>>> print(open('protein.cif').read())   # mmCIF, C-alpha atoms and all ligand atoms
data_upload
loop_
_atom_site.label_atom_id
_atom_site.label_comp_id
_atom_site.auth_asym_id
_atom_site.auth_seq_id
_atom_site.Cartn_x
_atom_site.Cartn_y
_atom_site.Cartn_z
CA MET Y 494 11.34 8.78 -40.25
CA SER Y 495 9.60 7.03 -43.10
CA PHE Y 496 7.07 8.76 -45.30
CA LEU Y 497 4.31 6.61 -43.84
CA GLU Y 498 5.23 7.59 -40.28
CA LEU Y 499 5.24 11.24 -41.30
CA LEU Y 500 1.86 10.87 -42.95
CA LEU Y 501 0.48 9.16 -39.86
CA MET Y 502 1.76 11.94 -37.61
CA ALA Y 503 0.27 14.58 -39.87
CA LEU Y 504 -3.07 12.77 -39.81
CA ILE Y 505 -3.01 12.51 -36.02
CA PHE Y 506 -2.20 16.22 -35.79
CA VAL Y 507 -5.10 17.16 -38.06
CA LEU Y 508 -7.42 14.91 -36.05
CA VAL Y 509 -6.38 16.45 -32.73
CA VAL Y 510 -6.90 19.97 -34.11
CA MET Y 511 -10.34 19.02 -35.40
CA ILE Y 512 -11.38 17.47 -32.08
CA ALA Y 513 -10.11 20.55 -30.22
CA LEU Y 514 -12.11 22.82 -32.53
CA VAL Y 515 -15.32 20.84 -32.08
CA PHE Y 516 -14.81 20.78 -28.31
CA TYR Y 517 -14.13 24.50 -28.00
CA VAL Y 518 -16.62 25.68 -30.56
CA TYR Y 519 -19.27 26.29 -27.91
CA ARG Y 520 -17.00 27.52 -25.17
CA GLY Y 521 -15.40 30.38 -27.04
CA PHE Y 522 -12.08 29.89 -28.71
CA THR Y 523 -9.59 32.43 -27.49
CA PRO Y 524 -8.72 33.37 -23.90
CA GLN Y 525 -11.03 35.86 -22.25
CA GLY Y 526 -10.21 39.34 -23.55
CA ARG Y 527 -10.65 42.64 -21.81
CA LEU Y 528 -13.91 43.59 -23.46
CA ILE Y 529 -15.78 40.32 -23.62
CA ILE Y 530 -18.72 39.56 -21.32
CA ARG Y 531 -19.59 36.02 -20.34
CA HIS Y 532 -21.83 36.65 -17.32
CA GLY Y 533 -23.33 39.32 -15.09
CA PRO Y 534 -22.43 39.98 -11.43
CA ARG Y 535 -21.97 36.66 -9.64
CA ASP Y 536 -23.44 38.01 -6.39
CA SER Y 537 -26.74 38.89 -8.07
CA LYS Y 538 -29.96 36.86 -7.97
CA LYS Y 539 -30.49 37.64 -11.65
CA VAL Y 540 -29.89 35.42 -14.68
CA SER Y 541 -30.57 35.85 -18.42
CA LEU Y 542 -31.93 33.65 -21.18
CA THR Y 543 -30.47 34.19 -24.65
CA PHE Y 544 -31.60 32.71 -27.97
CA ASP Y 545 -29.27 32.52 -30.97
CA ASP Y 546 -29.59 32.17 -34.74
CA GLY Y 547 -33.22 33.19 -35.32
CA PRO Y 548 -35.72 34.33 -36.12
CA ASP Y 549 -37.14 31.04 -37.30
CA PRO Y 550 -40.77 30.55 -38.39
CA LEU Y 551 -41.03 27.18 -36.68
CA TYR Y 552 -39.59 27.89 -33.24
CA THR Y 553 -39.38 31.64 -32.57
CA PRO Y 554 -43.18 32.25 -32.34
CA ARG Y 555 -43.60 29.38 -29.87
CA ILE Y 556 -40.67 30.59 -27.78
CA LEU Y 557 -42.15 34.11 -27.76
CA ASP Y 558 -45.52 32.69 -26.68
CA ILE Y 559 -43.89 30.85 -23.76
CA LEU Y 560 -41.90 33.93 -22.68
CA LYS Y 561 -45.03 36.09 -22.86
CA ALA Y 562 -47.13 33.61 -20.88
CA SER Y 563 -44.52 33.47 -18.12
CA GLY Y 564 -43.83 37.22 -18.13
CA VAL Y 565 -40.15 36.73 -18.95
CA LYS Y 566 -38.02 39.06 -21.07
CA ALA Y 567 -35.06 37.47 -22.84
CA SER Y 568 -32.43 38.44 -25.40
CA PHE Y 569 -32.32 37.34 -29.03
CA PHE Y 570 -29.11 37.24 -31.05
CA LEU Y 571 -30.44 37.64 -34.57
CA VAL Y 572 -28.87 36.47 -37.80
CA ALA Y 573 -29.69 39.41 -40.09
CA ALA Y 574 -30.28 37.21 -43.15
CA ASN Y 575 -33.06 35.56 -41.13
CA VAL Y 576 -34.38 38.97 -40.07
CA LYS Y 577 -34.64 39.83 -43.77
CA LYS Y 578 -36.50 36.58 -44.45
CA TYR Y 579 -38.86 36.85 -41.47
CA PRO Y 580 -39.16 40.56 -40.63
CA HIS Y 581 -42.52 40.11 -38.86
CA LEU Y 582 -40.85 37.77 -36.35
CA ALA Y 583 -37.96 40.14 -35.67
CA LEU Y 584 -40.46 42.95 -35.21
CA ARG Y 585 -42.49 40.83 -32.80
CA ILE Y 586 -39.36 40.08 -30.72
CA ALA Y 587 -38.67 43.82 -30.47
CA GLN Y 588 -42.29 44.79 -29.79
CA GLU Y 589 -42.57 42.28 -26.96
CA GLY Y 590 -39.71 43.99 -25.17
CA HIS Y 591 -36.88 41.52 -25.57
CA ASP Y 592 -33.31 42.70 -26.05
CA LEU Y 593 -31.79 42.50 -29.51
CA GLY Y 594 -28.34 41.32 -30.41
CA ASN Y 595 -26.40 41.16 -33.66
CA HIS Y 596 -25.30 37.59 -34.46
CA SER Y 597 -23.73 38.60 -37.81
CA TYR Y 598 -25.33 38.87 -41.21
CA ASN Y 599 -25.13 35.23 -42.23
CA HIS Y 600 -23.55 33.25 -39.37
CA SER Y 601 -20.28 32.84 -41.24
CA ASN Y 602 -17.06 32.25 -39.36
CA LEU Y 603 -15.90 35.82 -38.76
CA LEU Y 604 -12.63 34.63 -37.31
CA VAL Y 605 -11.24 33.97 -40.78
CA THR Y 606 -12.78 37.11 -42.31
CA ARG Y 607 -10.66 40.09 -43.37
CA ASN Y 608 -11.09 43.14 -41.10
CA ALA Y 609 -12.89 45.27 -43.68
CA THR Y 610 -15.28 42.44 -44.51
CA LEU Y 611 -15.91 41.80 -40.83
CA GLU Y 612 -16.90 45.41 -40.25
CA LYS Y 613 -19.12 45.42 -43.34
CA ASN Y 614 -20.81 42.25 -42.14
CA LEU Y 615 -21.70 43.73 -38.74
CA ILE Y 616 -22.78 47.10 -40.18
CA LYS Y 617 -25.00 45.35 -42.73
CA ALA Y 618 -26.57 43.23 -39.98
CA ASN Y 619 -27.22 46.26 -37.76
CA LYS Y 620 -28.75 48.16 -40.65
CA ILE Y 621 -31.22 45.36 -41.41
CA ILE Y 622 -32.12 44.90 -37.74
CA MET Y 623 -32.70 48.65 -37.38
CA GLN Y 624 -34.75 48.93 -40.59
CA VAL Y 625 -37.02 46.10 -39.48
CA THR Y 626 -37.34 46.76 -35.74
CA GLY Y 627 -36.44 50.43 -35.40
CA LEU Y 628 -33.96 49.43 -32.70
CA HIS Y 629 -30.18 49.42 -32.65
CA PRO Y 630 -28.86 46.15 -31.19
CA ASN Y 631 -26.94 46.72 -27.97
CA PHE Y 632 -25.16 43.40 -28.08
CA PHE Y 633 -23.03 41.35 -30.42
CA ARG Y 634 -22.37 37.63 -30.21
CA PRO Y 635 -19.93 36.16 -32.73
CA PRO Y 636 -21.15 33.05 -34.56
CA ARG Y 637 -20.09 29.88 -32.71
CA GLY Y 638 -18.54 32.01 -29.99
CA LEU Y 639 -15.37 32.35 -32.05
CA TYR Y 640 -13.89 35.79 -31.56
CA ASN Y 641 -10.70 37.79 -31.68
CA GLN Y 642 -9.65 41.21 -30.45
CA LYS Y 643 -10.51 42.85 -33.79
CA MET Y 644 -14.11 41.65 -33.53
CA LEU Y 645 -14.42 43.11 -30.03
CA GLU Y 646 -13.07 46.45 -31.26
CA VAL Y 647 -15.41 46.60 -34.26
CA ALA Y 648 -18.44 45.67 -32.16
CA SER Y 649 -17.53 48.30 -29.57
CA LYS Y 650 -17.05 50.93 -32.27
CA LEU Y 651 -20.55 50.11 -33.55
CA GLY Y 652 -22.01 50.60 -30.07
CA MET Y 653 -22.34 46.96 -29.07
CA GLU Y 654 -21.07 44.95 -26.13
CA THR Y 655 -19.75 41.54 -27.12
CA VAL Y 656 -21.52 38.93 -25.02
CA LEU Y 657 -20.92 35.19 -24.92
CA TRP Y 658 -22.53 32.93 -22.31
CA SER Y 659 -21.64 31.13 -19.11
CA LEU Y 660 -24.10 28.24 -19.25
CA SER Y 661 -25.04 26.36 -22.42
CA SER Y 662 -28.31 24.45 -22.48
CA LEU Y 663 -26.62 22.12 -24.99
CA ASP Y 664 -29.90 22.21 -26.91
CA TRP Y 665 -27.88 22.20 -30.15
CA ARG Y 666 -26.64 18.73 -29.25
CA GLY Y 667 -30.21 17.47 -29.26
CA LEU Y 668 -30.32 17.06 -25.48
CA LYS Y 669 -33.74 15.89 -24.24
CA PRO Y 670 -35.89 18.58 -22.52
CA LYS Y 671 -35.64 16.81 -19.14
CA LYS Y 672 -31.84 16.73 -19.42
CA ILE Y 673 -31.70 20.42 -20.33
CA VAL Y 674 -33.71 21.31 -17.22
CA GLU Y 675 -31.57 19.04 -15.01
CA LEU Y 676 -28.36 20.54 -16.37
CA ILE Y 677 -29.49 24.12 -15.81
CA ALA Y 678 -31.02 23.38 -12.39
CA LYS Y 679 -27.72 21.89 -11.25
CA LYS Y 680 -25.28 24.40 -12.71
CA ILE Y 681 -27.08 27.75 -12.46
CA GLN Y 682 -25.21 30.54 -10.64
CA GLY Y 683 -25.95 34.23 -10.10
CA GLY Y 684 -25.29 36.34 -13.19
CA ASP Y 685 -25.42 33.38 -15.56
CA ILE Y 686 -26.11 34.01 -19.23
CA ILE Y 687 -27.84 30.89 -20.55
CA LEU Y 688 -27.48 29.90 -24.20
CA PHE Y 689 -30.38 28.50 -26.22
CA HIS Y 690 -31.08 28.41 -29.95
CA ASP Y 691 -34.36 29.28 -31.64
CA SER Y 692 -33.06 28.26 -35.04
CA GLY Y 693 -30.11 26.35 -36.32
CA ASN Y 694 -28.07 26.15 -39.42
CA LEU Y 695 -25.02 25.80 -37.29
CA PHE Y 696 -23.09 22.88 -38.59
CA TYR Y 697 -22.57 22.57 -42.30
CA GLN Y 698 -25.94 24.23 -42.99
CA LYS Y 699 -27.68 21.22 -41.49
CA LYS Y 700 -31.09 22.18 -40.18
CA ILE Y 701 -31.30 21.41 -36.48
CA ASN Y 702 -34.49 20.38 -34.77
CA HIS Y 703 -35.26 22.59 -31.76
CA GLU Y 704 -38.38 20.92 -30.40
CA ASN Y 705 -36.26 20.14 -27.33
CA THR Y 706 -35.65 23.86 -26.74
CA VAL Y 707 -39.34 24.70 -27.03
CA GLU Y 708 -40.34 21.85 -24.72
CA ALA Y 709 -37.63 22.56 -22.16
CA LEU Y 710 -38.21 26.32 -21.95
CA PRO Y 711 -41.34 26.42 -19.71
CA LEU Y 712 -39.76 23.83 -17.42
CA VAL Y 713 -36.50 25.79 -17.23
CA ILE Y 714 -38.36 29.01 -16.42
CA SER Y 715 -40.40 27.43 -13.63
CA GLU Y 716 -37.33 25.66 -12.20
CA LEU Y 717 -35.35 28.94 -12.15
CA LYS Y 718 -38.24 30.79 -10.52
CA LYS Y 719 -38.64 27.98 -7.98
CA GLN Y 720 -34.95 28.35 -7.07
CA GLY Y 721 -35.52 32.09 -6.56
CA TRP Y 722 -33.73 33.44 -9.64
CA GLU Y 723 -35.03 36.55 -11.33
CA ILE Y 724 -34.94 36.18 -15.13
CA VAL Y 725 -34.04 39.48 -16.79
CA PRO Y 726 -32.90 40.61 -20.25
CA LEU Y 727 -29.18 41.22 -20.78
CA SER Y 728 -29.54 45.01 -20.57
CA GLU Y 729 -30.80 44.62 -17.00
CA LEU Y 730 -28.37 41.85 -16.01
CA LEU Y 731 -25.41 43.89 -17.22
CA GLY Y 732 -26.75 47.33 -16.29
CA ILE Y 733 -26.71 48.60 -19.86
CA GLU Y 734 -29.38 51.10 -20.91
CA SER Y 735 -31.50 50.06 -23.90
CA GLU Y 736 -31.96 52.67 -26.57
ZN ZN Y 801 -25.10 30.98 -33.70
#
>>> encode(input="protein.cif", output="C-alpha cells")
Amino acid sequence: MSFLELLLMALIFVLVVMIALVFYVYRGFTPQGRLIIRHGPRDSKKVSLTFDDGPDPLYTPRILDILKASGVKASFFLVAANVKKYPHLALRIAQEGHDLGNHSYNHSNLLVTRNATLEKNLIKANKIIMQVTGLHPNFFRPPRGLYNQKMLEVASKLGMETVLWSLSSLDWRGLKPKKIVELIAKKIQGGDIILFHDSGNLFYQKKINHENTVEALPLVISELKKQGWEIVPLSELLGIESE
C-alpha cells in the first residue's frame, strides 16, 4: 500500500469517527448501563420536560414564566458555573418548585476526565447549587449525554440518579417551533423524558439561539395536555422523593 493510500484510509477513518461522534452526541454514547435512566414507566400517562445548560438570563426567565402560567413543573439540569453567574435565576427555579439536576460545573466533557477530577467537578457543582438554592440536586445528567460507568458510580455516591432523555426536541439544532411541536406530538410515549435547552454553549463555546425553545414551549405544553399527558417533574415521573 502506498503512503498516499494509507493517508487516505487514515483520513476516512478519522472522518467516520467524527461523524459517528456528532451523530451519537445527543443519543448517549455508551450502551445503556445498569444505573442509567432514560425514561419513566412506559405504561404511565405521565411525561417530563427537562431543560439543560442554564440558567441563562435571556431564556430561563421566559421559560419559567411559561411554566408558571401553564401550571407545569419541570426539571432543570444546571451548569454550576452559570448558577454562580446568575444565582437569582437558579433560586427562582428552585422556589417555583421545579426539580434540580447537576449538569456538571462547566459542561466539560467528563468522559475524558480523570476519576478524581470528575468527582471534584460534581461535588463542586453540587456545593454551588446547594449554596444558592438550599437544595441538593437529586439528578445528574452528563454533558452531551456522554457517560461511563465511573460517572454513574460517582453520581450515585453523591446521592444523584443519572438521567438522560428519551425524546429530544432537537431545539439545539435550531429546529423551528412548529417542527418541534410536530416532532413531539408524533413521537411522545408514556414515561418520556423530553430534552430542551434553556441556554447553550454546547458546541465549541458557540452561543446558541433558543428563541425556538421559548416559542415552542407553550405549544408543546398545550399539545401534550390535549393528548391527555400529565406533565410532571422527574421526581414524580420516576417516583423519587425530593429532599
Ligand atoms: Zn448540556
>>> closest_residue(input="protein.cif", among="Y:Gln588, Y:Thr655, Y:Asn619, Y:Asn595", to="Leu571 (chain Y)", atoms="all atoms listed in the file")
Y:Asn595
>>> closest_atom_pairs(input="protein.cif", of="chain Y", to="ligand ZN 801 (chain Y)", cutoff="10 Å", atoms="all atoms listed in the file", output="CSV")
residue,atom,partner,partner_atom,distance
Y:Tyr519,CA,Y:ZN801,ZN,9.5
Y:Phe544,CA,Y:ZN801,ZN,8.8
Y:Asp545,CA,Y:ZN801,ZN,5.2
Y:Asp546,CA,Y:ZN801,ZN,4.8
Y:Gly547,CA,Y:ZN801,ZN,8.6
Y:Phe570,CA,Y:ZN801,ZN,7.9
Y:Leu571,CA,Y:ZN801,ZN,8.6
Y:Val572,CA,Y:ZN801,ZN,7.8
Y:His596,CA,Y:ZN801,ZN,6.7
Y:Ser597,CA,Y:ZN801,ZN,8.8
Y:Asn599,CA,Y:ZN801,ZN,9.5
Y:His600,CA,Y:ZN801,ZN,6.3
Y:Ser601,CA,Y:ZN801,ZN,9.1
Y:Asn602,CA,Y:ZN801,ZN,9.9
Y:Arg634,CA,Y:ZN801,ZN,8.0
Y:Pro635,CA,Y:ZN801,ZN,7.4
Y:Pro636,CA,Y:ZN801,ZN,4.5
Y:Arg637,CA,Y:ZN801,ZN,5.2
Y:Gly638,CA,Y:ZN801,ZN,7.6
Y:Leu639,CA,Y:ZN801,ZN,10.0
Y:Trp665,CA,Y:ZN801,ZN,9.9
Y:Leu688,CA,Y:ZN801,ZN,9.9
Y:Phe689,CA,Y:ZN801,ZN,9.5
Y:His690,CA,Y:ZN801,ZN,7.5
Y:Asp691,CA,Y:ZN801,ZN,9.6
Y:Ser692,CA,Y:ZN801,ZN,8.5
Y:Gly693,CA,Y:ZN801,ZN,7.3
Y:Asn694,CA,Y:ZN801,ZN,8.1
Y:Leu695,CA,Y:ZN801,ZN,6.3
Y:Phe696,CA,Y:ZN801,ZN,9.7
>>> closest_residue(input="protein.cif", among="Y:Ile616, Y:Ala587, Y:Ser661, Y:Asp549", to="Ser649 (chain Y)", atoms="all atoms listed in the file")
Y:Ile616
>>> atom_distance(input="protein.cif", atom1="CA of Tyr579 (chain Y)", atom2="CA of Thr553 (chain Y)")
10.3 Å
>>> residues_near_point(input="protein.cif", point="(-25.3, 47.4, -20.3)", cutoff="10 Å", atoms="all atoms listed in the file", output="NGL selection string")
:Y and (533 or 631-632 or 653-654 or 727-735)
>>> write_last_selection(input="protein.cif", atoms="C-alpha atoms", output="short mmCIF file (atom, residue, chain, number, x, y, z; two decimals), keeping the file's coordinate frame")
data_model
loop_
_atom_site.label_atom_id
_atom_site.label_comp_id
_atom_site.auth_asym_id
_atom_site.auth_seq_id
_atom_site.Cartn_x
_atom_site.Cartn_y
_atom_site.Cartn_z
CA GLY Y 533 -23.33 39.32 -15.09
CA ASN Y 631 -26.94 46.72 -27.97
CA PHE Y 632 -25.16 43.40 -28.08
CA MET Y 653 -22.34 46.96 -29.07
CA GLU Y 654 -21.07 44.95 -26.13
CA LEU Y 727 -29.18 41.22 -20.78
CA SER Y 728 -29.54 45.01 -20.57
CA GLU Y 729 -30.80 44.62 -17.00
CA LEU Y 730 -28.37 41.85 -16.01
CA LEU Y 731 -25.41 43.89 -17.22
CA GLY Y 732 -26.75 47.33 -16.29
CA ILE Y 733 -26.71 48.60 -19.86
CA GLU Y 734 -29.38 51.10 -20.91
CA SER Y 735 -31.50 50.06 -23.90
#
>>> atom_distance(input="protein.cif", atom1="CA of Ser662 (chain Y)", atom2="CA of Ile687 (chain Y)")
6.7 Å
>>> atom_distance(input="protein.cif", atom1="CA of Ala709 (chain Y)", atom2="CA of Ile686 (chain Y)")
16.5 Å
>>> residues_around(input="protein.cif", residues="region 538-543 of chain Y", least_positions_apart="4", cutoff="6 Å", atoms="only C-alpha atoms", output="NGL selection string")
:Y and (567-569 or 683-689 or 722-726)
>>> axis_aligned_box(input="protein.cif", around="region 596-608 of chain Y", padding_each_side="4 Å", output="JSON")
{"center_x": -18.0, "center_y": 37.7, "center_z": -38.9, "size_x": 22.7, "size_y": 18.9, "size_z": 16.9}
>>> residues_around(input="protein.cif", residues="His629 (chain Y)", least_positions_apart="2", cutoff="8 Å", atoms="all atoms listed in the file", output="PDB file with C-alpha atoms, in the frame of the given file")
ATOM      1  CA  LEU Y 593     -31.790  42.500 -29.510  1.00  0.00           C
ATOM      2  CA  ASN Y 619     -27.220  46.260 -37.760  1.00  0.00           C
ATOM      3  CA  ILE Y 622     -32.120  44.900 -37.740  1.00  0.00           C
ATOM      4  CA  MET Y 623     -32.700  48.650 -37.380  1.00  0.00           C
ATOM      5  CA  GLY Y 627     -36.440  50.430 -35.400  1.00  0.00           C
ATOM      6  CA  ASN Y 631     -26.940  46.720 -27.970  1.00  0.00           C
ATOM      7  CA  GLU Y 736     -31.960  52.670 -26.570  1.00  0.00           C
TER       8      GLU Y 736
END
>>> closest_residue(input="protein.cif", among="Y:Leu603, Y:Leu551, Y:Phe633, Y:Ala562", to="Ile701 (chain Y)", atoms="all atoms listed in the file")
Y:Leu551
